[in-house]
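Structure first, then comments.
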Amino acid sequence: MRPGCQLSKTAFRETQKIRVGVNRLNQLPLGVLRRSQRQQKKSPPCSLAPIPDTNGNVRFSTRAAQATHESKYFYGWTIVAVGFLAHIASAFSISSTLSVFLKPLSSDLGVSRGVFSLIRTGEILIGAVAAPLTGTLIDRHGGRWLMAAGGVISGAGFLLLGQARDFWQFLLFRWLLVSPGDALMGQMVVNVSISRWFVRMRGRALALAGMGHGLAKVGMPLCAATLIVQFGWRTAWAVFGLLTLTLVVGPSLLFMRRRPEDMGLLPDGARSQSESETPARKAGSAVAHSSATADVAWSRREALRTPAFWLIVITFGVAHIGISGLNLHVFAFVSDQGHPEMVAALVMSIIAFMQFSTPMVWGILAERSNIARLIMAKFLIQATGILLALSTPGLPSLYAGFFLYGIGMGASSILAEMIWANYFGRVSLGKIRGLGSLLTHGFSAGGAPFFGFLFDFTQSYSLSFSIFIGLLFASAFLSLFLRPPKK
């Protein structure tokens, strides 16, 4: 019997008789018994508050929570599903989507490719500035309201893009609405939210959500090209705006939650800490998390003092110079070689298809293998693909090269998110990830105009693509030195 619980009337009378008898035998004053009875009547009724047992399990305070706890379905997968939809909408604003609009927009609005590329530079810088603040907000409040607000802002921006009559109007709509909205609903917010719900299965969870981004990129070039040909680029942006409002706002408000502990759950759906750390489970993830730190709090100053933080930033930042440039200019690169626009769209779809189909493989490998070595492999695969596409003429080598490049791109977001979460834990992930994004975005900002102005100067993409290959090899070399921080 729990102390402090009120007994039923029958049980109370029987207990009273027994106590009276015992008290008489021991010649105790009845006043003591009466005072005890009065206190017993004032005691609170029995509740179902959490009672830890000797096995480390927890009994939940309500039937609903207990049913959720006992269900085989883990709510974290709902978070992954919402992230999948948000990734689709976020793909509407990325460089590879904008690249399909490069020629018709630059022609209609009367700007060069170099000037047009400044759109992405400004957007990347806006995302960089917003990242630390967004990261702090995720740590404090979760992604629910951030994603909903981002969907509204970004969706309105896309709708207004179709009404732009001059380049400066188009630029302002992208910079003041689309970019800030994407910062609130995009990759960092989604991936940090998912990383809070998963530890042991973090790789596959991030991969499943990231497949939304890949799926959108598979159909995006052909979809955008078709909309532009049939209805014009203005209608295409309006369609993207309506889709953004539909895919992000409602699902975020209805289903997003901050962390599993707020629902009485544990990461990965474990029923208790002891269960999540059984030898069988440890064996499956020992390699993946052997270098991961415990879930301890990190301040920005502490993170900045670690070599691991700067090495992650530089390793990914150097490669992102070329990635952001290629993403915007790959469509023009292929069409400038004399291939039809549908071939250029097909090349982008090949990259996107591999980016869609390979993340699960990369995610499972990241759970079981040394993540630094996987990062090196990713950069080497990308460099090999670009080298093949650039050095050998003909469609087969073009398709094969970007096929390999797409395999490497499939690992980009998975491995980047995994290494931040594994090295710095869940508690301060938002602020640390946001600070890292601020710096890596600084590298990315120079990529698109670098490719664009170098093309304006040389009338060719050969030099910029060759430099990109060198940057990928440099990042592969730097990844050899990645080590977890110690606190």
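Residue numbering restarts at 1 in every chain; chains get A, B, ... in the order shown in the structure tokens, and ligands count up from 1 in that same order.
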Self-check item: Nearby residues (only C-alpha atoms) at most 8 Å from Arg433 of chain A, same-chain spacing under 4 positions excluded, as a VMD selection string
Solution: chain A and resid 132 135 188 192 420 429 437
Legend entry - Sel. of helix (DSSP H, G or I) residues, segment 261-438 of chain A, as a ChimeraX atom specification: /A:261-263,267-269,273-276,279-289,300-304,307-336,341-357,359-368,371-391,395-409,412-424,429-438
Nearest to Ser95 of chain A, restricted to only C-alpha atoms and choosing among A:Ala238, A:Val249, A:Gly434, A:Pro449, comes out as A:Pro449
Using only C-alpha atoms, the best pick from A:Gly269, A:Arg200, A:Leu171, A:Ile312 as closest to Val111 of chain A would be A:Leu171
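For the choices A:Leu395, A:Met185, A:Leu85, A:Ile375, the atom-to-atom distance to Ala216 of chain A is smallest for A:Leu85 when using only C-alpha atoms.
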Pick out the residues sitting within 10 Å of Ala400 of chain A, and hand them over as a PyMOL selection string; count only C-alpha atoms, and ignore anything fewer than 2 positions along from it in its own chain. chain A and resi 347+350+385-386+388-389+395-398+402-406
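The smallest atom-to-atom distance between Arg140 of chain A and any of A:Ser193, A:Glu367, A:Phe74, A:Leu328, using only C-alpha atoms, is found for A:Ser193.
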* Do you know which residues are at most 8 Å from Ala366 of chain A counting only C-alpha atoms, after dropping those on the same chain fewer than 2 positions away, and could you put them as number ranges by chain? -> A: 203, 288, 362-364, 368-371, 374, 415, 418
* Residues near Phe453 of chain A, cut-off 9 Å, only C-alpha atoms, skip fewer than 3 positions along chain, as an MDAnalysis selection string -> chainID A and resid 113:115 117 448:450 456:458
Written file, previous selection with C-alpha atoms, as a short mmCIF file (atom, residue, chain, number, x, y, z; two decimals), in the first residue's frame:
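For reference, out_24.cif as written:
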```cif
data_model
loop_
_atom_site.label_atom_id
_atom_site.label_comp_id
_atom_site.auth_asym_id
_atom_site.auth_seq_id
_atom_site.Cartn_x
_atom_site.Cartn_y
_atom_site.Cartn_z
CA ARG A 113 24.42 35.54 -65.40
CA GLY A 114 26.93 36.99 -62.98
CA VAL A 115 24.45 39.57 -61.69
CA SER A 117 23.97 34.76 -59.46
CA ALA A 448 27.39 31.09 -57.27
CA PRO A 449 28.83 34.51 -58.23
CA PHE A 450 32.29 32.97 -58.56
CA ASP A 456 31.29 36.10 -67.95
CA PHE A 457 35.08 36.52 -68.13
CA THR A 458 36.00 33.24 -69.91
#
```
Which segment 393-449 of chain A residues have any atom within 12 Å of an atom of segment 470-475 of chain A, and for each, what is the nearest pair of atoms with distance in Å to one decimal, counting only C-alpha atoms, rows sorted by chain and number, as CSV?
```
residue,atom,partner,partner_atom,distance
A:Tyr405,CA,A:Leu472,CA,11.1
A:Gly408,CA,A:Leu472,CA,10.8
A:Met409,CA,A:Leu472,CA,11.8
A:Phe443,CA,A:Leu471,CA,11.7
A:Gly447,CA,A:Leu471,CA,11.4
```
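Of the residues listed (A:Ile228, A:Val427, A:Leu480, A:Leu390), A:Leu390 shows the shortest atom-to-atom separation from Ser460 of chain A; distances use only C-alpha atoms.
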